[in-house]
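Dumped upload-v3.cif below, it's mmCIF, C-alpha atoms:
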data_input
#
loop_
_atom_site.group_PDB
_atom_site.id
_atom_site.type_symbol
_atom_site.label_atom_id
_atom_site.label_comp_id
_atom_site.auth_asym_id
_atom_site.auth_seq_id
_atom_site.Cartn_x
_atom_site.Cartn_y
_atom_site.Cartn_z
ATOM 1 C CA MET A 17 3.577 51.081 18.915
ATOM 2 C CA GLU A 18 6.532 53.346 18.258
ATOM 3 C CA SER A 19 6.653 57.047 19.031
ATOM 4 C CA GLU A 20 7.965 59.433 16.424
ATOM 5 C CA LEU A 21 10.419 60.824 18.973
ATOM 6 C CA VAL A 22 12.743 59.241 21.467
ATOM 7 C CA VAL A 23 12.719 61.326 24.650
ATOM 8 C CA GLU A 24 14.648 60.973 27.875
ATOM 9 C CA ARG A 25 13.164 58.991 30.733
ATOM 10 C CA TYR A 26 13.138 59.796 34.427
ATOM 11 C CA GLN A 27 13.281 56.949 36.938
ATOM 12 C CA LEU A 28 10.197 56.971 39.157
ATOM 13 C CA GLY A 29 11.637 57.032 42.660
ATOM 14 C CA SER A 30 14.075 54.168 43.097
ATOM 15 C CA GLY A 31 11.737 51.607 41.583
ATOM 16 C CA PRO A 32 11.497 49.804 38.232
ATOM 17 C CA LEU A 33 9.462 52.362 36.290
ATOM 18 C CA GLU A 34 10.923 54.863 33.813
ATOM 19 C CA VAL A 35 8.666 57.558 32.434
ATOM 20 C CA SER A 36 8.790 60.558 30.135
ATOM 21 C CA PRO A 37 9.156 63.787 32.141
ATOM 22 C CA ILE A 38 5.678 64.760 30.942
ATOM 23 C CA GLY A 39 2.801 62.299 31.011
ATOM 24 C CA LEU A 40 -0.898 62.727 30.342
ATOM 25 C CA GLY A 41 -3.387 63.301 33.147
ATOM 26 C CA CYS A 42 -6.693 61.595 32.325
ATOM 27 C CA TRP A 43 -9.210 63.128 34.737
ATOM 28 C CA GLN A 44 -10.887 64.778 31.749
ATOM 29 C CA PHE A 45 -11.735 61.329 30.322
ATOM 30 C CA SER A 46 -14.312 60.824 33.112
ATOM 31 C CA GLN A 47 -17.201 61.372 30.678
ATOM 32 C CA ALA A 48 -19.021 63.602 33.195
ATOM 33 C CA THR A 49 -19.650 60.545 35.395
ATOM 34 C CA GLY A 50 -19.711 60.828 39.187
ATOM 35 C CA VAL A 51 -19.116 63.892 41.337
ATOM 36 C CA ALA A 52 -15.455 64.271 40.355
ATOM 37 C CA GLY A 53 -16.158 63.403 36.725
ATOM 38 C CA ARG A 54 -18.704 66.188 36.364
ATOM 39 C CA TYR A 55 -15.903 68.712 36.760
ATOM 40 C CA TRP A 56 -15.362 68.115 33.032
ATOM 41 C CA GLY A 57 -17.745 67.831 30.114
ATOM 42 C CA ARG A 58 -18.164 64.651 28.117
ATOM 43 C CA LEU A 59 -15.459 64.157 25.476
ATOM 44 C CA PRO A 60 -16.229 62.402 22.175
ATOM 45 C CA ARG A 61 -14.405 59.101 21.929
ATOM 46 C CA GLU A 62 -12.644 60.212 18.754
ATOM 47 C CA THR A 63 -11.239 63.225 20.624
ATOM 48 C CA VAL A 64 -9.939 60.964 23.411
ATOM 49 C CA ARG A 65 -8.324 58.705 20.820
ATOM 50 C CA GLN A 66 -6.574 61.611 19.130
ATOM 51 C CA ILE A 67 -5.395 63.141 22.413
ATOM 52 C CA VAL A 68 -3.790 59.825 23.335
ATOM 53 C CA ALA A 69 -2.405 59.368 19.809
ATOM 54 C CA VAL A 70 -0.625 62.726 19.591
ATOM 55 C CA SER A 71 0.780 62.223 23.093
ATOM 56 C CA LEU A 72 2.236 58.852 22.145
ATOM 57 C CA GLN A 73 3.646 60.172 18.888
ATOM 58 C CA ALA A 74 5.452 62.966 20.739
ATOM 59 C CA GLY A 75 7.159 60.548 23.124
ATOM 60 C CA VAL A 76 4.817 60.500 26.124
ATOM 61 C CA ASN A 77 4.891 56.986 27.586
ATOM 62 C CA TRP A 78 2.701 57.186 30.671
ATOM 63 C CA PHE A 79 -0.850 58.033 31.662
ATOM 64 C CA ASP A 80 -2.361 58.891 35.034
ATOM 65 C CA THR A 81 -5.963 58.028 35.854
ATOM 66 C CA ALA A 82 -7.931 57.171 39.013
ATOM 67 C CA GLU A 83 -10.854 55.218 40.369
ATOM 68 C CA VAL A 84 -12.815 58.367 41.205
ATOM 69 C CA TYR A 85 -12.430 59.709 37.650
ATOM 70 C CA GLY A 86 -15.847 58.484 36.600
ATOM 71 C CA TRP A 87 -15.639 55.216 38.594
ATOM 72 C CA GLY A 88 -14.072 53.394 35.688
ATOM 73 C CA ALA A 89 -15.017 55.765 32.857
ATOM 74 C CA SER A 90 -11.572 57.373 32.565
ATOM 75 C CA GLU A 91 -9.800 54.024 32.781
ATOM 76 C CA ASN A 92 -12.122 52.565 30.135
ATOM 77 C CA GLU A 93 -11.601 55.481 27.760
ATOM 78 C CA LEU A 94 -7.834 55.374 28.196
ATOM 79 C CA SER A 95 -7.717 51.629 27.580
ATOM 80 C CA GLU A 96 -9.895 51.904 24.487
ATOM 81 C CA ALA A 97 -7.754 54.705 23.059
ATOM 82 C CA LEU A 98 -4.528 52.768 23.642
ATOM 83 C CA LYS A 99 -5.950 49.644 22.024
ATOM 84 C CA TYR A 100 -7.121 51.730 19.073
ATOM 85 C CA GLN A 101 -3.471 52.746 18.578
ATOM 86 C CA ASN A 102 -2.410 49.078 18.801
ATOM 87 C CA VAL A 103 -0.395 49.798 21.946
ATOM 88 C CA LYS A 104 0.750 46.739 23.857
ATOM 89 C CA PRO A 105 0.527 46.765 27.678
ATOM 90 C CA THR A 106 4.313 46.586 28.022
ATOM 91 C CA GLU A 107 4.827 49.695 25.879
ATOM 92 C CA VAL A 108 3.296 52.226 28.267
ATOM 93 C CA VAL A 109 3.142 52.939 31.988
ATOM 94 C CA ILE A 110 -0.304 53.226 33.582
ATOM 95 C CA ALA A 111 -0.846 54.936 36.929
ATOM 96 C CA SER A 112 -4.130 54.789 38.800
ATOM 97 C CA LYS A 113 -5.366 55.690 42.291
ATOM 98 C CA TRP A 114 -7.470 54.134 45.021
ATOM 99 C CA PHE A 115 -10.146 56.428 46.532
ATOM 100 C CA PRO A 116 -9.870 56.237 50.343
ATOM 101 C CA LEU A 117 -12.866 58.252 51.591
ATOM 102 C CA PHE A 118 -15.152 56.250 53.938
ATOM 103 C CA ARG A 119 -13.084 53.128 53.272
ATOM 104 C CA SER A 120 -10.601 50.960 55.132
ATOM 105 C CA ALA A 121 -7.373 49.480 53.814
ATOM 106 C CA ALA A 122 -9.180 46.207 53.113
ATOM 107 C CA SER A 123 -10.893 47.939 50.191
ATOM 108 C CA ILE A 124 -7.551 48.312 48.403
ATOM 109 C CA LYS A 125 -7.318 44.588 47.747
ATOM 110 C CA LYS A 126 -11.065 44.034 47.382
ATOM 111 C CA THR A 127 -11.395 46.587 44.585
ATOM 112 C CA ILE A 128 -8.192 45.972 42.618
ATOM 113 C CA GLY A 129 -10.026 43.557 40.331
ATOM 114 C CA ARG A 130 -12.445 46.299 39.291
ATOM 115 C CA ARG A 131 -9.590 48.633 38.473
ATOM 116 C CA LEU A 132 -7.840 46.033 36.347
ATOM 117 C CA SER A 133 -11.121 45.146 34.644
ATOM 118 C CA ALA A 134 -11.795 48.801 33.835
ATOM 119 C CA LEU A 135 -8.364 49.014 32.214
ATOM 120 C CA GLY A 136 -9.291 46.142 29.923
ATOM 121 C CA GLY A 137 -6.059 44.188 29.959
ATOM 122 C CA PHE A 138 -3.635 46.998 30.717
ATOM 123 C CA PRO A 139 -1.821 46.531 34.039
ATOM 124 C CA ILE A 140 -1.543 49.034 36.849
ATOM 125 C CA ASP A 141 2.137 49.912 36.950
ATOM 126 C CA LEU A 142 1.826 52.569 39.654
ATOM 127 C CA TYR A 143 -0.998 52.403 42.209
ATOM 128 C CA GLN A 144 -1.475 55.418 44.443
ATOM 129 C CA ILE A 145 -3.480 56.368 47.540
ATOM 130 C CA HIS A 146 -5.436 59.375 46.264
ATOM 131 C CA PHE A 147 -5.208 61.269 49.563
ATOM 132 C CA ALA A 148 -4.794 60.531 53.262
ATOM 133 C CA GLY A 149 -8.500 60.075 54.041
ATOM 134 C CA SER A 150 -8.947 56.390 54.836
ATOM 135 C CA TRP A 151 -10.403 54.999 58.061
ATOM 136 C CA SER A 152 -7.259 52.864 58.264
ATOM 137 C CA SER A 153 -3.791 54.010 59.218
ATOM 138 C CA ILE A 154 -1.204 54.828 56.579
ATOM 139 C CA GLU A 155 0.723 51.779 57.738
ATOM 140 C CA ARG A 156 -2.201 49.427 57.062
ATOM 141 C CA GLN A 157 -2.772 51.009 53.659
ATOM 142 C CA MET A 158 0.870 50.495 52.741
ATOM 143 C CA ASP A 159 0.697 46.867 53.881
ATOM 144 C CA ALA A 160 -2.234 46.300 51.530
ATOM 145 C CA MET A 161 -0.337 47.965 48.689
ATOM 146 C CA ALA A 162 2.743 45.871 49.428
ATOM 147 C CA ASP A 163 0.611 42.726 49.244
ATOM 148 C CA LEU A 164 -0.526 43.756 45.755
ATOM 149 C CA VAL A 165 3.098 44.212 44.674
ATOM 150 C CA HIS A 166 4.062 40.781 45.973
ATOM 151 C CA GLU A 167 1.000 39.257 44.284
ATOM 152 C CA GLY A 168 2.071 40.785 40.959
ATOM 153 C CA LYS A 169 -1.074 42.917 40.620
ATOM 154 C CA ILE A 170 0.811 46.242 40.625
ATOM 155 C CA ARG A 171 4.475 47.134 40.093
ATOM 156 C CA ALA A 172 4.993 50.204 42.251
ATOM 157 C CA VAL A 173 3.332 52.143 45.072
ATOM 158 C CA GLY A 174 2.707 55.860 45.242
ATOM 159 C CA VAL A 175 0.707 58.369 47.253
ATOM 160 C CA SER A 176 -1.026 61.609 46.386
ATOM 161 C CA ASN A 177 -1.644 64.803 48.338
ATOM 162 C CA PHE A 178 0.425 63.464 51.276
ATOM 163 C CA SER A 179 2.180 65.868 53.619
ATOM 164 C CA ALA A 180 5.861 65.434 54.419
ATOM 165 C CA SER A 181 5.116 63.526 57.645
ATOM 166 C CA GLN A 182 2.518 61.317 55.953
ATOM 167 C CA MET A 183 4.956 60.574 53.149
ATOM 168 C CA ARG A 184 7.637 59.606 55.669
ATOM 169 C CA ARG A 185 5.223 57.209 57.368
ATOM 170 C CA ALA A 186 4.295 55.618 54.033
ATOM 171 C CA HIS A 187 7.959 55.278 53.090
ATOM 172 C CA ALA A 188 8.849 53.690 56.431
ATOM 173 C CA ALA A 189 5.979 51.195 56.247
ATOM 174 C CA LEU A 190 6.868 50.109 52.719
ATOM 175 C CA SER A 191 10.554 49.815 53.625
ATOM 176 C CA LYS A 192 9.655 47.107 56.125
ATOM 177 C CA ARG A 193 8.307 45.144 53.174
ATOM 178 C CA GLU A 194 11.417 45.986 51.092
ATOM 179 C CA ILE A 195 9.415 48.114 48.656
ATOM 180 C CA PRO A 196 10.313 51.733 47.841
ATOM 181 C CA LEU A 197 7.740 54.522 47.859
ATOM 182 C CA ALA A 198 7.844 55.639 44.237
ATOM 183 C CA SER A 199 6.034 58.959 44.211
ATOM 184 C CA ASN A 200 3.871 61.628 45.802
ATOM 185 C CA GLN A 201 1.451 63.353 43.449
ATOM 186 C CA VAL A 202 0.849 66.958 44.506
ATOM 187 C CA LYS A 203 -0.087 70.319 43.055
ATOM 188 C CA TYR A 204 3.001 72.075 41.719
ATOM 189 C CA SER A 205 3.500 74.835 39.173
ATOM 190 C CA LEU A 206 5.057 78.253 38.858
ATOM 191 C CA LEU A 207 2.033 79.590 40.749
ATOM 192 C CA ASP A 208 1.803 76.702 43.244
ATOM 193 C CA ARG A 209 5.160 76.319 44.982
ATOM 194 C CA ASP A 210 4.045 75.326 48.485
ATOM 195 C CA ILE A 211 5.939 72.021 48.403
ATOM 196 C CA GLU A 212 9.196 73.978 48.325
ATOM 197 C CA HIS A 213 8.378 75.416 51.762
ATOM 198 C CA ASN A 214 6.198 72.870 53.606
ATOM 199 C CA GLY A 215 8.759 70.066 53.689
ATOM 200 C CA VAL A 216 7.266 67.879 50.938
ATOM 201 C CA LEU A 217 9.960 68.517 48.341
ATOM 202 C CA GLU A 218 12.741 68.253 50.924
ATOM 203 C CA ALA A 219 11.372 64.922 52.196
ATOM 204 C CA ALA A 220 10.997 63.594 48.643
ATOM 205 C CA GLN A 221 14.621 64.463 47.889
ATOM 206 C CA GLU A 222 15.814 62.828 51.105
ATOM 207 C CA LEU A 223 13.772 59.641 50.606
ATOM 208 C CA GLY A 224 14.336 59.271 46.869
ATOM 209 C CA VAL A 225 10.652 59.775 46.054
ATOM 210 C CA SER A 226 9.567 61.374 42.789
ATOM 211 C CA ILE A 227 7.134 64.278 42.803
ATOM 212 C CA ILE A 228 4.317 64.007 40.251
ATOM 213 C CA ALA A 229 3.031 67.509 39.586
ATOM 214 C CA TYR A 230 -0.652 67.842 38.860
ATOM 215 C CA SER A 231 -2.125 71.127 37.612
ATOM 216 C CA PRO A 232 1.346 72.088 36.290
ATOM 217 C CA LEU A 233 -0.267 74.855 34.223
ATOM 218 C CA ALA A 234 -2.333 76.095 37.183
ATOM 219 C CA GLN A 235 -5.517 74.888 35.463
ATOM 220 C CA GLY A 236 -4.702 76.827 32.320
ATOM 221 C CA LEU A 237 -3.800 80.097 33.994
ATOM 222 C CA LEU A 238 -0.172 79.848 32.852
ATOM 223 C CA THR A 239 -1.174 79.719 29.197
ATOM 224 C CA GLY A 240 -1.976 83.433 29.429
ATOM 225 C CA LYS A 241 -5.340 83.048 27.705
ATOM 226 C CA PHE A 242 -7.316 84.173 30.745
ATOM 227 C CA HIS A 243 -5.095 87.205 31.166
ATOM 228 C CA ASP A 244 -5.709 88.152 27.538
ATOM 229 C CA ASN A 245 -9.441 87.519 27.710
ATOM 230 C CA PRO A 246 -10.869 87.309 31.259
ATOM 231 C CA SER A 247 -14.348 86.740 29.833
ATOM 232 C CA LEU A 248 -13.246 83.188 29.014
ATOM 233 C CA ILE A 249 -13.379 82.370 32.720
ATOM 234 C CA ARG A 250 -17.173 82.562 32.787
ATOM 235 C CA SER A 251 -17.413 79.843 30.138
ATOM 236 C CA ARG A 252 -15.208 77.360 32.024
ATOM 237 C CA PRO A 253 -16.874 74.124 33.208
ATOM 238 C CA GLY A 254 -17.103 73.246 36.876
ATOM 239 C CA PRO A 255 -16.103 75.375 39.895
ATOM 240 C CA ARG A 256 -12.813 76.608 38.463
ATOM 241 C CA LYS A 257 -14.266 80.023 37.619
ATOM 242 C CA LEU A 258 -15.084 80.544 41.315
ATOM 243 C CA GLN A 259 -11.485 80.178 42.465
ATOM 244 C CA LYS A 260 -9.680 83.244 43.776
ATOM 245 C CA ARG A 261 -6.875 82.981 41.251
ATOM 246 C CA PHE A 262 -9.313 83.543 38.389
ATOM 247 C CA ARG A 263 -10.503 86.852 39.809
ATOM 248 C CA GLU A 264 -9.387 90.083 38.176
ATOM 249 C CA SER A 265 -7.193 91.077 41.127
ATOM 250 C CA TYR A 266 -5.183 87.855 40.925
ATOM 251 C CA LEU A 267 -4.895 88.066 37.158
ATOM 252 C CA LYS A 268 -3.246 91.452 37.605
ATOM 253 C CA GLN A 269 -0.972 90.099 40.329
ATOM 254 C CA SER A 270 0.176 87.142 38.195
ATOM 255 C CA ALA A 271 0.542 89.153 34.975
ATOM 256 C CA PRO A 272 4.350 89.568 35.408
ATOM 257 C CA VAL A 273 4.694 85.782 35.408
ATOM 258 C CA ILE A 274 2.865 85.547 32.097
ATOM 259 C CA GLU A 275 5.031 88.286 30.672
ATOM 260 C CA SER A 276 8.226 86.455 31.634
ATOM 261 C CA LEU A 277 6.891 83.221 30.155
ATOM 262 C CA ARG A 278 6.139 85.024 26.901
ATOM 263 C CA GLU A 279 9.593 86.579 26.729
ATOM 264 C CA ILE A 280 11.325 83.233 27.249
ATOM 265 C CA ALA A 281 8.915 81.487 24.886
ATOM 266 C CA ALA A 282 9.786 83.980 22.157
ATOM 267 C CA ARG A 283 13.485 83.089 22.488
ATOM 268 C CA HIS A 284 12.684 79.385 22.066
ATOM 269 C CA GLU A 285 9.973 79.956 19.454
ATOM 270 C CA VAL A 286 7.446 78.029 21.516
ATOM 271 C CA ARG A 287 4.366 78.856 23.602
ATOM 272 C CA PRO A 288 4.336 80.183 27.169
ATOM 273 C CA ALA A 289 2.613 77.007 28.387
ATOM 274 C CA GLN A 290 5.511 74.928 27.090
ATOM 275 C CA ILE A 291 7.976 77.058 29.036
ATOM 276 C CA ALA A 292 5.860 76.654 32.184
ATOM 277 C CA LEU A 293 5.863 72.866 31.784
ATOM 278 C CA ALA A 294 9.578 72.771 31.045
ATOM 279 C CA TRP A 295 10.235 74.696 34.264
ATOM 280 C CA VAL A 296 8.271 72.132 36.294
ATOM 281 C CA VAL A 297 10.269 69.146 35.018
ATOM 282 C CA GLN A 298 13.681 70.842 34.849
ATOM 283 C CA SER A 299 13.920 73.268 37.775
ATOM 284 C CA GLN A 300 14.407 70.465 40.340
ATOM 285 C CA GLY A 301 16.643 68.222 38.280
ATOM 286 C CA ARG A 302 14.917 64.857 37.753
ATOM 287 C CA GLN A 303 12.914 65.085 40.967
ATOM 288 C CA VAL A 304 9.653 66.252 39.392
ATOM 289 C CA ILE A 305 7.538 64.952 36.522
ATOM 290 C CA ALA A 306 4.273 66.458 35.315
ATOM 291 C CA ILE A 307 0.839 65.290 34.218
ATOM 292 C CA PRO A 308 -0.956 68.083 32.368
ATOM 293 C CA GLY A 309 -4.407 67.193 31.115
ATOM 294 C CA ALA A 310 -5.888 67.919 27.698
ATOM 295 C CA THR A 311 -9.473 68.328 26.550
ATOM 296 C CA LYS A 312 -8.492 69.322 23.026
ATOM 297 C CA ILE A 313 -6.040 67.823 20.572
ATOM 298 C CA ARG A 314 -4.071 71.064 20.370
ATOM 299 C CA HIS A 315 -3.641 70.997 24.159
ATOM 300 C CA ALA A 316 -2.086 67.533 23.982
ATOM 301 C CA GLU A 317 0.189 68.615 21.132
ATOM 302 C CA SER A 318 1.335 71.678 23.060
ATOM 303 C CA ASN A 319 1.930 69.753 26.296
ATOM 304 C CA ALA A 320 3.939 67.015 24.629
ATOM 305 C CA ALA A 321 5.985 69.532 22.631
ATOM 306 C CA ALA A 322 7.347 70.849 25.934
ATOM 307 C CA LEU A 323 9.465 67.682 26.052
ATOM 308 C CA ARG A 324 11.704 69.279 23.414
ATOM 309 C CA VAL A 325 12.271 72.545 25.312
ATOM 310 C CA ARG A 326 15.541 72.975 27.218
ATOM 311 C CA LEU A 327 15.726 75.921 29.595
ATOM 312 C CA SER A 328 19.002 77.519 30.595
ATOM 313 C CA GLU A 329 19.914 77.992 34.245
ATOM 314 C CA SER A 330 19.440 81.723 33.848
ATOM 315 C CA GLU A 331 15.931 81.231 32.418
ATOM 316 C CA ILE A 332 14.980 78.949 35.300
ATOM 317 C CA GLU A 333 16.292 81.531 37.755
ATOM 318 C CA GLU A 334 14.390 84.295 35.946
ATOM 319 C CA LEU A 335 11.133 82.367 36.438
ATOM 320 C CA ASN A 336 12.053 81.592 40.041
ATOM 321 C CA ARG A 337 12.610 85.254 40.707
ATOM 322 C CA VAL A 338 9.316 86.434 39.225
ATOM 323 C CA THR A 339 7.251 83.796 41.022
ATOM 324 C CA ARG A 340 8.785 83.809 44.494
ATOM 325 C CA GLY A 341 6.123 84.771 47.005
#
Write out the structure in this file as structure tokens.
Amino acid sequence: MESELVVERYQLGSGPLEVSPIGLGCWQFSQATGVAGRYWGRLPRETVRQIVAVSLQAGVNWFDTAEVYGWGASENELSEALKYQNVKPTEVVIASKWFPLFRSAASIKKTIGRRLSALGGFPIDLYQIHFAGSWSSIERQMDAMADLVHEGKIRAVGVSNFSASQMRRAHAALSKREIPLASNQVKYSLLDRDIEHNGVLEAAQELGVSIIAYSPLAQGLLTGKFHDNPSLIRSRPGPRKLQKRFRESYLKQSAPVIESLREIAARHEVRPAQIALAWVVQSQGRQVIAIPGATKIRHAESNAAALRVRLSESEIEELNRVTRG
């Protein structure tokens, strides 16, 4: 497999993995299976194949999935799509996540075989704790992850939705096993900047941990389509339409952000969503990478095209100014 474009790579933490600044989030490949999977509708296999294909062709080299995304459905669909494109396991980076709820750290090692089986021959390059909800301590979870690294079953360890203090504990535990903490996957976008104030970003910078931004388009809000046509919100699948940010009052409050995105997008001759993604992966140097999802081929094309956008310092500051607070 060869992409049509050669794009820069960001090192994931201080570990061995190098990834494109924008990857592909694969929650939407869950095929409406399980509680989390029903957030999305079922995607035709041909659509999944094409979403993966256009991402690869644009230079995306990594994909983020999880156990709870359909309990194997997302991993299966991703694997099938990669094989359909004749992609070899060494040509891409696969990230997955262990689901900790009502489980102890022992489950990490007991279930790794299922995760690898679901991926159908593709390895798990980055394995993450989905959130800090296990019955076991963070230290015991990190010990189990470290064992998997030493056994050659995963290459790097990450966490997701960890606070600054939880991330520090994970980092310290892994350091005792001479393994770096690669990443913390958290919500981050122009409309979700909490990590800049709650210590997460500061801790990541201090520890050399990459931030993986999920929902980098604020679940589509930063495309501007809901501001143009609020009636679209009622047709959205899952509970998204019930969130406060999709109410009319918030749409009015966030309208200046959309306007700034459109002005900058016009200068670059791209879409507002591409400017929003470029801000995520450029405003903090190489500290942050992003995993937008895509349920349509045009979404994947738009997301990947953001890899070619280069914002000036003044444009980044303009977006900072309009979104502060």
Work out how far apart atom CA of A:Glu222 and atom CA of A:Gln182 are and give it in Å to one decimal.
14.2 Å
From the list A:Gly39, A:Gly149, A:Gly129, A:Pro272, which residue is nearest A:Ala111 when using only C-alpha atoms?
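Of A:Gly39, A:Gly149, A:Gly129, A:Pro272, the one nearest A:Ala111, counting only C-alpha atoms, is A:Gly39.
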Evaluate the PyMOL selection byres ((chain A and resi 228) around 9) against this structure - the residues, as a compact mmCIF listing (two decimals) with C-alpha atoms, in the coordinates of the input, please.
# COMPACT_ATOMS: atom_id res chain seq x y z
CA SER A 176 -1.03 61.61 46.39
CA SER A 199 6.03 58.96 44.21
CA ASN A 200 3.87 61.63 45.80
CA GLN A 201 1.45 63.35 43.45
CA VAL A 202 0.85 66.96 44.51
CA LYS A 203 -0.09 70.32 43.06
CA TYR A 204 3.00 72.08 41.72
CA SER A 226 9.57 61.37 42.79
CA ILE A 227 7.13 64.28 42.80
CA ALA A 229 3.03 67.51 39.59
CA TYR A 230 -0.65 67.84 38.86
CA GLN A 303 12.91 65.08 40.97
CA VAL A 304 9.65 66.25 39.39
CA ILE A 305 7.54 64.95 36.52
CA ALA A 306 4.27 66.46 35.32
CA ILE A 307 0.84 65.29 34.22
The PyMOL selection byres ((chain A and resi 46) around 8) applied to the shown file, residues as a PyMOL selection string
chain A and resi 42-45+47-49+53-54+56+58+85-90
Using only C-alpha atoms, can you tell me which of A:Ala180, A:Ala122, A:Leu33, A:Ile38 comes closest to A:Glu107?
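Residue with the minimum atom-to-atom distance to A:Glu107: A:Leu33.
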Could you tell me, as a list in words, which residues have any atom at most 6 Å from (-5.1, 54.2, 32.6), counting all atoms listed in the file?
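These residues have at least one counted atom within 6 Å: Phe79, Asp80, Thr81, Glu91, Leu94 and Ile110 of chain A.
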The PyMOL selection byres ((chain A and resi 148) around 10) - which residues does that actually catch in the file I just gave you? List them as a ChimeraX atom specification.
/A:115-117,145-147,149-154,157,175-179,182-183
Can you tell me which residues surround A:Val64 at a distance of at most 10 Å, considering only C-alpha atoms, apart from same-chain residues fewer than 4 positions away, and format the answer as a list in words?
Cys42, Gln44, Phe45, Leu59, Pro60, Val68, Ala69, Ser90, Glu93, Leu94, Glu96, Ala97, Leu98, Ala310, Thr311, Lys312 and Ile313 of chain A
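Between atom CA of A:Gly136 and atom CA of A:Lys99 the interatomic distance comes to 9.3 Å.
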Gap from atom CA of A:Pro37 to atom CA of A:Ser270 - Å, one decimal
25.7 Å
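Contact shell of A:Ser30 at 10 Å (all atoms listed in the file; same-chain neighbours under 2 positions omitted): A:Gln27, A:Leu28, A:Pro32, A:Leu33, A:Glu34, A:Ala172, A:Ile195, A:Pro196, A:Leu197, A:Ala198, A:Ser199, A:Leu223, A:Gly224, A:Val225, A:Ser226.
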Have a look at A:Ser205, A:Ser328, A:Ser318, A:Gln221 and name the one nearest to A:Val296; count all atoms listed in the file.
A:Ser205
Given only C-alpha atoms as the basis, pick out the residue of A:Glu194, A:Glu329, A:Glu83, A:Glu279 nearest to A:Thr127.
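Smallest separation from A:Thr127 among the options: A:Glu83.
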Proximity to A:Leu237 - best of A:His213, A:Ser133, A:Ala219, A:Pro288, all atoms listed in the file
A:Pro288
For the point (9.0, 57.3, 29.1) in the file's frame, write as a ChimeraX atom specification all residues with an atom no more than 8 Å away, counting all atoms listed in the file.
/A:23-26,34-37,75-78,108-109
Restrict the selected residues to C-alpha atoms and save them as a CSV table (one decimal), in the coordinates of the input.
chain,number,residue,atom,x,y,z
A,23,VAL,CA,12.7,61.3,24.6
A,24,GLU,CA,14.6,61.0,27.9
A,25,ARG,CA,13.2,59.0,30.7
A,26,TYR,CA,13.1,59.8,34.4
A,34,GLU,CA,10.9,54.9,33.8
A,35,VAL,CA,8.7,57.6,32.4
A,36,SER,CA,8.8,60.6,30.1
A,37,PRO,CA,9.2,63.8,32.1
A,75,GLY,CA,7.2,60.5,23.1
A,76,VAL,CA,4.8,60.5,26.1
A,77,ASN,CA,4.9,57.0,27.6
A,78,TRP,CA,2.7,57.2,30.7
A,108,VAL,CA,3.3,52.2,28.3
A,109,VAL,CA,3.1,52.9,32.0
Can you list, as a list of chain:residue names, every protein, DNA or RNA residue that comes within 10 Å of A:Ser191 when you count only C-alpha atoms, leaving out same-chain residues fewer than 6 positions away?
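In the requested format, the answer is A:Met158, A:Ala162, A:Arg185, A:Leu197.
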A:Lys241, A:Arg171, A:Arg283, A:Arg130 ranked by distance to A:Leu142, top pick (using only C-alpha atoms)
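For A:Leu142, the nearest of the candidates is A:Arg171.
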